[in-house]
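Reproduced below: entry.tsv, with TSV, C-alpha atoms.
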```tsv
chain	number	residue	atom	x	y	z
A	1016	MET	CA	0.00	0.00	0.00
A	1017	THR	CA	1.45	3.39	-0.97
A	1018	GLN	CA	1.79	6.19	1.55
A	1019	SER	CA	-0.89	8.26	-0.19
A	1020	VAL	CA	-3.36	5.39	0.04
A	1021	GLN	CA	-2.43	4.98	3.69
A	1022	ASP	CA	-3.00	8.70	4.18
A	1023	MET	CA	-6.45	8.50	2.62
A	1024	THR	CA	-7.21	5.57	4.91
A	1025	ARG	CA	-6.17	7.68	7.89
A	1026	LEU	CA	-8.49	10.42	6.69
A	1027	ASP	CA	-11.33	7.93	6.98
A	1028	SER	CA	-10.52	7.56	10.67
A	1029	ILE	CA	-10.71	11.34	11.11
A	1030	ALA	CA	-14.19	11.26	9.68
A	1031	GLY	CA	-15.35	8.45	11.96
A	1032	SER	CA	-18.23	6.51	10.44
A	1033	TYR	CA	-18.81	9.06	7.66
A	1034	ARG	CA	-17.96	8.02	4.13
A	1035	VAL	CA	-15.42	10.48	2.74
A	1036	THR	CA	-15.77	11.60	-0.88
A	1037	MET	CA	-13.44	14.60	-0.65
A	1038	GLN	CA	-11.83	16.04	-3.74
A	1039	PHE	CA	-8.25	17.17	-4.26
A	1040	GLN	CA	-9.63	20.64	-4.91
A	1041	GLN	CA	-11.19	20.69	-1.45
A	1042	LEU	CA	-7.88	19.65	0.09
A	1043	GLN	CA	-6.15	22.39	-1.85
A	1044	TYR	CA	-8.61	24.98	-0.54
A	1045	PHE	CA	-8.27	23.63	3.00
A	1046	VAL	CA	-4.45	23.87	2.91
A	1047	ALA	CA	-4.62	27.40	1.51
A	1048	VAL	CA	-6.88	28.56	4.37
A	1049	ALA	CA	-4.75	26.70	6.94
A	1050	GLU	CA	-1.59	28.42	5.71
A	1051	THR	CA	-3.02	31.94	5.30
A	1052	ARG	CA	-5.50	31.78	8.22
A	1053	HIS	CA	-7.73	33.97	6.06
A	1054	PHE	CA	-10.51	32.93	3.65
A	1055	THR	CA	-10.21	35.89	1.30
A	1056	ARG	CA	-6.42	35.65	0.97
A	1057	ALA	CA	-6.72	31.88	0.50
A	1058	ALA	CA	-9.25	32.40	-2.30
A	1059	GLU	CA	-6.86	34.80	-4.03
A	1060	LEU	CA	-4.03	32.30	-3.62
A	1061	VAL	CA	-5.93	29.49	-5.39
A	1062	HIS	CA	-7.63	31.84	-7.89
A	1063	VAL	CA	-11.22	31.16	-6.91
A	1064	ALA	CA	-14.06	33.34	-5.64
A	1065	GLN	CA	-14.19	33.51	-1.85
A	1066	PRO	CA	-17.83	32.29	-1.58
A	1067	SER	CA	-16.98	29.25	-3.69
A	1068	LEU	CA	-13.98	28.45	-1.51
A	1069	SER	CA	-16.05	28.79	1.66
A	1070	GLN	CA	-18.72	26.47	0.23
A	1071	GLN	CA	-16.13	23.83	-0.60
A	1072	ILE	CA	-14.62	24.04	2.89
A	1073	LYS	CA	-18.09	23.62	4.44
A	1074	ALA	CA	-18.75	20.66	2.12
A	1075	LEU	CA	-15.46	19.08	3.22
A	1076	GLU	CA	-16.36	19.57	6.88
A	1077	ARG	CA	-19.76	17.95	6.31
A	1078	GLU	CA	-18.15	14.97	4.61
A	1079	LEU	CA	-15.61	14.57	7.41
A	1080	GLY	CA	-18.19	15.12	10.11
A	1081	ALA	CA	-15.97	17.60	11.92
A	1082	ASP	CA	-15.21	21.32	11.90
A	1083	LEU	CA	-11.75	22.06	10.54
A	1084	PHE	CA	-11.54	25.72	11.56
A	1085	LEU	CA	-12.57	27.84	14.51
A	1086	ARG	CA	-14.00	31.11	13.21
A	1087	ALA	CA	-14.08	33.63	16.04
A	1088	ARG	CA	-14.29	37.35	15.26
A	1089	GLY	CA	-12.32	36.98	12.07
A	1090	ASN	CA	-9.61	34.95	13.79
A	1091	ILE	CA	-9.17	31.65	11.91
A	1092	THR	CA	-7.52	28.76	13.77
A	1093	LEU	CA	-7.35	25.04	13.17
A	1094	THR	CA	-9.40	22.62	15.25
A	1095	ASP	CA	-7.90	19.31	16.40
A	1096	ALA	CA	-9.43	17.69	13.30
A	1097	GLY	CA	-7.86	20.39	11.13
A	1098	GLU	CA	-4.45	19.87	12.74
A	1099	ALA	CA	-4.73	16.12	12.06
A	1100	LEU	CA	-5.77	16.65	8.44
A	1101	LEU	CA	-3.18	19.28	7.48
A	1102	PRO	CA	0.01	17.14	7.16
A	1103	LEU	CA	-1.91	14.38	5.38
A	1104	ALA	CA	-3.51	16.83	2.95
A	1105	ARG	CA	-0.14	18.42	2.17
A	1106	ARG	CA	1.42	15.07	1.39
A	1107	ILE	CA	-1.50	13.91	-0.77
A	1108	LEU	CA	-1.38	17.15	-2.76
A	1109	ALA	CA	2.41	16.90	-3.12
A	1110	ASP	CA	2.13	13.31	-4.37
A	1111	ALA	CA	-0.58	14.31	-6.84
A	1112	ASP	CA	1.64	17.13	-8.09
A	1113	THR	CA	4.55	14.73	-8.51
A	1114	ALA	CA	2.35	12.26	-10.39
A	1115	ARG	CA	1.21	15.00	-12.75
A	1116	TYR	CA	4.80	15.93	-13.60
A	1117	GLU	CA	5.72	12.27	-14.01
A	1118	VAL	CA	2.93	11.73	-16.54
A	1119	GLN	CA	3.71	14.95	-18.40
A	1120	GLU	CA	7.40	14.18	-18.85
A	1121	LEU	CA	8.30	13.36	-22.43
A	1122	VAL	CA	9.98	10.05	-23.22
A	1123	GLN	CA	13.19	11.84	-24.18
A	1124	LEU	CA	13.27	13.87	-20.94
A	1125	ARG	CA	12.78	17.11	-22.85
A	1126	SER	CA	10.61	18.52	-20.08
A	1127	GLY	CA	9.90	18.00	-16.39
A	1128	ARG	CA	11.51	19.00	-13.13
A	1129	VAL	CA	13.66	17.71	-10.32
A	1130	ARG	CA	13.24	18.96	-6.75
A	1131	LEU	CA	16.58	18.32	-5.08
A	1132	GLY	CA	17.53	19.14	-1.50
A	1133	ALA	CA	21.11	19.46	-0.26
A	1134	THR	CA	23.00	20.93	2.66
A	1135	PRO	CA	24.78	24.27	1.97
A	1136	SER	CA	28.23	22.65	2.05
A	1137	LEU	CA	27.16	20.06	-0.53
A	1138	CYS	CA	25.61	22.74	-2.73
A	1139	THR	CA	29.03	24.39	-2.70
A	1140	GLY	CA	31.26	21.34	-3.01
A	1141	LEU	CA	29.49	18.43	-4.72
A	1142	LEU	CA	26.61	19.72	-6.81
A	1143	PRO	CA	27.93	22.35	-9.25
A	1144	ASP	CA	29.75	19.96	-11.59
A	1145	VAL	CA	27.01	17.32	-11.53
A	1146	LEU	CA	24.21	19.82	-12.11
A	1147	ARG	CA	26.14	21.38	-14.98
A	1148	ALA	CA	26.52	17.96	-16.64
A	1149	PHE	CA	22.83	17.18	-16.06
A	1150	HIS	CA	21.72	20.55	-17.45
A	1151	ASP	CA	23.93	20.14	-20.53
A	1152	ARG	CA	22.34	16.74	-21.22
A	1153	TYR	CA	18.75	17.67	-20.34
A	1154	PRO	CA	18.36	21.45	-20.79
A	1155	GLY	CA	14.56	21.22	-20.67
A	1156	ILE	CA	14.48	19.79	-17.14
A	1157	GLN	CA	13.82	22.41	-14.48
A	1158	LEU	CA	16.12	22.10	-11.46
A	1159	LEU	CA	14.64	23.27	-8.15
A	1160	ILE	CA	17.20	23.30	-5.34
A	1161	GLU	CA	16.29	23.42	-1.65
A	1162	GLU	CA	19.29	24.37	0.50
A	1163	SER	CA	18.90	23.44	4.16
A	1164	GLY	CA	20.17	21.24	6.97
A	1165	SER	CA	19.85	17.46	6.83
A	1166	HIS	CA	17.11	17.34	9.48
A	1167	ASP	CA	15.01	19.88	7.58
A	1168	LEU	CA	15.55	18.05	4.28
A	1169	VAL	CA	14.39	14.77	5.80
A	1170	ARG	CA	11.15	16.47	6.84
A	1171	GLU	CA	10.70	17.95	3.35
A	1172	LEU	CA	11.19	14.50	1.80
A	1173	ALA	CA	8.61	13.01	4.16
A	1174	ARG	CA	5.93	15.52	3.21
A	1175	GLY	CA	6.55	15.08	-0.51
A	1176	ALA	CA	8.11	18.50	-1.16
A	1177	LEU	CA	11.34	16.99	-2.54
A	1178	ASP	CA	12.12	14.18	-4.98
A	1179	LEU	CA	15.69	13.60	-3.76
A	1180	ALA	CA	17.93	14.93	-1.02
A	1181	ILE	CA	21.66	14.73	-0.43
A	1182	ILE	CA	22.04	14.45	3.32
A	1183	VAL	CA	24.58	13.61	5.98
A	1184	LEU	CA	24.22	10.26	7.74
A	1185	PRO	CA	23.15	9.01	10.18
A	1186	LEU	CA	19.51	9.92	9.81
A	1187	PRO	CA	18.00	11.87	12.72
A	1188	PRO	CA	16.02	9.89	15.33
A	1189	ALA	CA	12.44	8.94	14.41
A	1190	SER	CA	13.07	9.62	10.73
A	1191	PRO	CA	10.41	8.60	8.19
A	1192	ALA	CA	10.96	5.60	5.94
A	1193	LEU	CA	13.67	6.69	3.51
A	1194	THR	CA	15.85	4.80	1.06
A	1195	THR	CA	19.46	5.97	1.27
A	1196	VAL	CA	22.46	5.19	-0.92
A	1197	GLU	CA	25.94	6.22	0.21
A	1198	LEU	CA	27.61	8.67	-2.17
A	1199	LEU	CA	30.94	9.35	-0.50
A	1200	ARG	CA	32.88	9.60	2.72
A	1201	GLU	CA	34.39	13.05	3.00
A	1202	ASP	CA	37.31	14.29	5.10
A	1203	LEU	CA	37.03	17.47	7.13
A	1204	VAL	CA	39.85	20.01	7.26
A	1205	VAL	CA	40.75	23.15	9.21
A	1206	VAL	CA	40.62	26.48	7.36
A	1207	SER	CA	42.21	29.69	8.59
A	1208	SER	CA	43.34	33.05	7.26
A	1209	PRO	CA	46.85	33.00	5.75
A	1210	GLU	CA	48.17	35.10	8.64
A	1211	ALA	CA	46.79	32.86	11.40
A	1212	THR	CA	49.03	30.52	13.35
A	1213	VAL	CA	47.37	27.12	13.48
A	1214	PRO	CA	48.67	24.73	16.17
A	1215	GLY	CA	49.97	21.46	14.74
A	1216	ARG	CA	50.58	22.81	11.25
A	1217	GLY	CA	53.73	21.26	9.78
A	1218	ARG	CA	53.66	18.09	11.90
A	1219	GLY	CA	51.17	15.93	10.06
A	1220	GLY	CA	48.06	17.94	10.62
A	1221	VAL	CA	45.96	19.49	13.36
A	1222	LYS	CA	44.80	17.30	16.20
A	1223	ILE	CA	41.36	18.00	17.64
A	1224	SER	CA	43.08	18.65	20.98
A	1225	ASP	CA	45.09	21.43	19.27
A	1226	LEU	CA	41.85	23.38	18.88
A	1227	GLU	CA	41.52	23.80	22.64
A	1228	GLY	CA	41.79	27.52	23.34
A	1229	GLU	CA	41.44	28.39	19.64
A	1230	ARG	CA	38.62	30.73	18.67
A	1231	LEU	CA	36.32	28.86	16.29
A	1232	VAL	CA	33.99	30.28	13.68
A	1233	MET	CA	30.96	28.09	14.17
A	1234	PHE	CA	27.91	27.24	12.09
A	1235	ARG	CA	24.35	27.80	13.24
A	1236	HIS	CA	22.45	25.28	15.38
A	1237	GLY	CA	21.09	22.37	13.35
A	1238	TYR	CA	24.12	22.27	11.06
A	1239	ASP	CA	25.63	18.80	10.95
A	1240	LEU	CA	29.15	20.28	10.82
A	1241	ARG	CA	28.51	22.15	14.06
A	1242	GLU	CA	27.29	19.02	15.83
A	1243	LEU	CA	30.22	16.94	14.52
A	1244	THR	CA	32.86	19.51	15.50
A	1245	VAL	CA	31.45	20.19	18.96
A	1246	ALA	CA	31.12	16.45	19.67
A	1247	ALA	CA	34.75	15.86	18.61
A	1248	CYS	CA	36.00	18.65	20.89
A	1249	ARG	CA	34.04	17.30	23.84
A	1250	SER	CA	35.38	13.80	23.16
A	1251	ALA	CA	38.87	15.31	23.33
A	1252	GLY	CA	38.05	16.67	26.78
A	1253	PHE	CA	37.32	20.34	26.24
A	1254	GLU	CA	34.49	22.73	25.40
A	1255	PRO	CA	35.12	24.68	22.19
A	1256	GLU	CA	35.32	28.49	22.26
A	1257	PHE	CA	33.49	30.47	19.57
A	1258	ALA	CA	34.68	33.73	18.08
A	1259	VAL	CA	31.42	34.01	16.16
A	1260	GLU	CA	28.60	31.57	15.54
A	1261	GLY	CA	25.35	31.23	13.67
A	1262	GLY	CA	26.46	31.48	10.04
A	1263	GLU	CA	25.83	29.50	6.89
A	1264	MET	CA	28.77	28.16	4.85
A	1265	ASP	CA	29.56	31.33	2.87
A	1266	ALA	CA	29.38	33.48	6.00
A	1267	VAL	CA	31.66	31.13	7.96
A	1268	LEU	CA	34.29	31.17	5.19
A	1269	GLY	CA	34.07	34.96	5.01
A	1270	PHE	CA	34.58	35.31	8.76
A	1271	VAL	CA	37.61	33.00	8.60
A	1272	ARG	CA	39.12	35.03	5.73
A	1273	ALA	CA	38.68	38.14	7.88
A	1274	GLY	CA	40.78	36.53	10.61
A	1275	LEU	CA	38.04	36.08	13.19
A	1276	GLY	CA	39.02	32.47	13.86
A	1277	VAL	CA	39.40	29.01	12.34
A	1278	ALA	CA	36.71	26.60	11.18
A	1279	VAL	CA	36.31	22.92	10.41
A	1280	VAL	CA	34.81	22.42	6.95
A	1281	PRO	CA	34.53	19.68	4.29
A	1282	ARG	CA	37.58	19.20	2.07
A	1283	MET	CA	35.56	19.76	-1.12
A	1284	VAL	CA	34.36	23.13	0.15
A	1285	ALA	CA	37.90	24.15	1.12
A	1286	ALA	CA	39.17	23.14	-2.32
A	1287	ARG	CA	36.59	25.41	-3.99
A	1288	SER	CA	36.95	28.31	-1.58
A	1289	GLY	CA	39.54	30.20	-3.64
A	1290	ARG	CA	42.08	32.66	-2.31
A	1291	GLY	CA	42.26	34.01	1.19
A	1292	LEU	CA	42.13	30.69	3.07
A	1293	ARG	CA	44.80	28.35	4.33
A	1294	VAL	CA	43.79	24.68	4.44
A	1295	THR	CA	45.31	22.32	7.00
A	1296	PRO	CA	44.40	18.61	7.25
A	1297	LEU	CA	43.36	17.03	10.50
A	1298	ALA	CA	45.78	14.52	11.98
A	1299	ARG	CA	44.76	10.88	11.91
A	1300	PRO	CA	42.19	9.55	12.52
A	1301	GLY	CA	40.74	12.93	11.61
A	1302	LEU	CA	37.07	13.71	11.15
A	1303	HIS	CA	34.84	12.40	8.39
A	1304	ARG	CA	31.23	12.50	7.37
A	1305	THR	CA	29.16	10.12	5.24
A	1306	ILE	CA	27.10	11.67	2.44
A	1307	ALA	CA	24.04	9.81	1.13
A	1308	LEU	CA	21.34	10.28	-1.49
A	1309	ALA	CA	17.85	9.79	-0.06
A	1310	HIS	CA	14.27	9.51	-1.28
A	1311	ARG	CA	11.00	8.29	0.20
A	1312	SER	CA	10.75	4.51	0.31
A	1313	ASP	CA	7.06	4.41	-0.58
A	1314	VAL	CA	7.24	6.56	-3.73
A	1315	ALA	CA	9.66	6.11	-6.62
A	1316	PRO	CA	11.27	9.41	-7.71
A	1317	PRO	CA	10.08	10.84	-11.05
A	1318	ARG	CA	11.98	9.79	-14.16
A	1319	ALA	CA	14.06	12.97	-14.38
A	1320	ALA	CA	15.00	12.62	-10.70
A	1321	ARG	CA	16.04	9.02	-11.29
A	1322	GLU	CA	18.32	10.17	-14.09
A	1323	LEU	CA	19.93	12.78	-11.84
A	1324	GLN	CA	20.27	10.10	-9.18
A	1325	ARG	CA	22.12	7.88	-11.66
A	1326	MET	CA	24.50	10.71	-12.59
A	1327	LEU	CA	25.23	11.46	-8.93
A	1328	LEU	CA	26.00	7.83	-8.22
A	1329	GLU	CA	28.24	7.53	-11.30
A	1330	ARG	CA	30.02	10.86	-10.94
```
Would you mind giving the structure from this file in structure tokens?
Amino acid sequence: MTQSVQDMTRLDSIAGSYRVTMQFQQLQYFVAVAETRHFTRAAELVHVAQPSLSQQIKALERELGADLFLRARGNITLTDAGEALLPLARRILADADTARYEVQELVQLRSGRVRLGATPSLCTGLLPDVLRAFHDRYPGIQLLIEESGSHDLVRELARGALDLAIIVLPLPPASPALTTVELLREDLVVVSSPEATVPGRGRGGVKISDLEGERLVMFRHGYDLRELTVAACRSAGFEPEFAVEGGEMDAVLGFVRAGLGVAVVPRMVAARSGRGLRVTPLARPGLHRTIALAHRSDVAPPRAARELQRMLLER
């Protein structure tokens, strides 16, 4: 049984003993109101007259046997039934959208789209060459890139907003059912400004213990590189000190170039970072991360996404 069928079955339970004959259009209207919390703005969003949208929402509530919204003095909020329906409706609509693109794709892959998620460091280090090769081969395929942390990308995959995602393993706890294929195991290195004195440089690399007392430029919370670096420092017996924290990849590299501190980044990113950075390897055993390509286990990616998947695996 596919996830969408399972979701529709769960919708039956929301409705109790009522027989549900809801339409995708009703779900679309419901999601629009849930996201805007306003019937008029929702009607404008889905390009329908507001009375028609309201009638469809009322029809959906009758079919489900439950109110989906609390309407108090113009303040629109979701009921418990609405909260239960919202993630299921989003996923059903996303799957329907994916199916439509799958059917519309031409045999020769002259049209279509791929929705690919990747962490910022992978967008910088791994993707440019592969996406260029894919675009050269299939110029009619639209590439939609979602740049975010691995945990966020896993959630986007689960709700059907992405076809594929390049993430860092292991998967977060309580992850949805995903199929993952390892792409590579990447070394991490220390980057600094050319003027900075990095402990351990010239003797086989920087040990994690050498970073004790060093001012680190640190990524924002939720970044896998932050979690990996902080865990390694604590395993070495010290709490890392931050010169500045909270940045994305480009910001972190810029702060390091400015001499604010050192940072631990993927080797591929360091190799592409250009002038203004000194790269020093970590002494053995060093730090590594495992990169994987993931998609939902219950839904096969669209044909164009499968072709991009093949190119990533064969790169």
(request) Compile the contact shell of Leu1093 (chain A) as a list in words: residues with an atom at most 8 Å away, counting all atoms listed in the file, same-chain residues fewer than 2 positions apart removed. (result) Ala1049, Leu1083, Phe1084, Leu1085, Ile1091, Asp1095, Ala1096, Gly1097 and Glu1098 of chain A
Given the selection you just returned, output its residues as a file containing C-alpha atoms, formatted as a PDB file, keeping the file's coordinate frame.
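Generated output (out19.pdb):
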```pdb
ATOM      1  CA  ALA A1049      -4.750  26.700   6.940  1.00  0.00           C
ATOM      2  CA  LEU A1083     -11.750  22.060  10.540  1.00  0.00           C
ATOM      3  CA  PHE A1084     -11.540  25.720  11.560  1.00  0.00           C
ATOM      4  CA  LEU A1085     -12.570  27.840  14.510  1.00  0.00           C
ATOM      5  CA  ILE A1091      -9.170  31.650  11.910  1.00  0.00           C
ATOM      6  CA  ASP A1095      -7.900  19.310  16.400  1.00  0.00           C
ATOM      7  CA  ALA A1096      -9.430  17.690  13.300  1.00  0.00           C
ATOM      8  CA  GLY A1097      -7.860  20.390  11.130  1.00  0.00           C
ATOM      9  CA  GLU A1098      -4.450  19.870  12.740  1.00  0.00           C
TER      10      GLU A1098
END
```
(message) When you look at region 1316-1321 of chain A with a cut-off of 9 Å (counting all atoms listed in the file), what residues show up, excluding the ones that are within fewer than 2 positions of it in the same chain? I need them as a list in words.
(response)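 My reading of the contact set: Thr1113, Ala1114, Tyr1116, Glu1117, Glu1120, Leu1124, Ser1126, Gly1127, Arg1128, Val1129, Arg1130, Leu1131, Tyr1153, Ile1156, Asp1178, Leu1179, His1310, Arg1311, Val1314, Leu1323, Gln1324, Arg1325 and Met1326 of chain A.
Computed from the coordinates, the CA of Pro1143 (chain A) to CA of Val1221 (chain A) distance equals 29.1 Å.
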(message) When you look at Ser1069 (chain A) with a cut-off of 9 Å (counting all atoms listed in the file), what residues show up, excluding the ones that are within fewer than 4 positions of it in the same chain? I need them as a list of chain:residue names.
(response) A:Tyr1044, A:Phe1054, A:Ala1058, A:Ala1064, A:Gln1065, A:Lys1073, A:Ala1074
(message) Counting only C-alpha atoms, which residue out of A:Val1232, A:Leu1327, A:Val1048, A:Val1245 sits closest to Phe1270 (chain A)?
(response)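 When distances to Phe1270 (chain A) are compared using only C-alpha atoms, the smallest one comes from A:Val1232.
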(message) Report, in Å with one decimal, the straight-line distance from CA of Gln1070 (chain A) to CA of Leu1100 (chain A).
(response) 18.2 Å
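Distance-wise, CA of Gln1041 (chain A) and CA of Ile1160 (chain A) end up 28.8 Å apart.
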(message) For a quick check of understanding, using all atoms listed in the file, which of A:Gly1140, A:Gly1175, A:Gly1276, A:Pro1187 has the smallest distance to Gly1228 (chain A)?
(response)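 The closest residue to Gly1228 (chain A) is A:Gly1276.
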(request) Identify the residues around (46.0, 17.6, 13.9) within a radius of 10 Å, measuring from only C-alpha atoms in the coordinates stated by the file, and give them as a list in words. (result)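 Counting only C-alpha atoms, I find these residues within 10 Å of (46.0, 17.6, 13.9): Val1204, Val1205, Val1213, Pro1214, Gly1215, Arg1216, Gly1217, Arg1218, Gly1219, Gly1220, Val1221, Lys1222, Ile1223, Ser1224, Asp1225, Leu1226, Thr1295, Pro1296, Leu1297, Ala1298, Arg1299, Pro1300 and Gly1301 of chain A.
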(request) Determine the nearest neighbour of Glu1201 (chain A) from the options A:Pro1281, A:Pro1135, A:Gly1080, A:Pro1066, counting all atoms listed in the file. (result) A:Pro1281
(request) Kindly indicate which residue among A:Val1271, A:Ala1315, A:Leu1193, A:Ile1306 lies nearest to Val1294 (chain A), using only C-alpha atoms for the distances. (result)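 Using only C-alpha atoms, the shortest distance to Val1294 (chain A) belongs to A:Val1271.
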(message) Calculated over all atoms listed in the file, which of the candidates A:Arg1330, A:Arg1304, A:Arg1241, A:Arg1147 has the smallest distance to Leu1184 (chain A)?
(response)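 The closest residue to Leu1184 (chain A) is A:Arg1304.
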(request) Tell me, as a PyMOL selection string, which residues lie within 12 Å of Leu1231 (chain A), counting all atoms listed in the file; anything in the same chain fewer than 2 positions away does not count. (result) chain A and resi 1205-1207+1213+1225-1229+1233-1234+1241+1244-1245+1248+1254-1262+1267-1268+1270-1271+1274-1280
(request) Identify which of the residues A:Ala1309, A:Ala1247, A:Leu1068, A:Leu1158 lies closest to Leu1198 (chain A), counting all atoms listed in the file when measuring atom-to-atom distances. (result) A:Ala1309
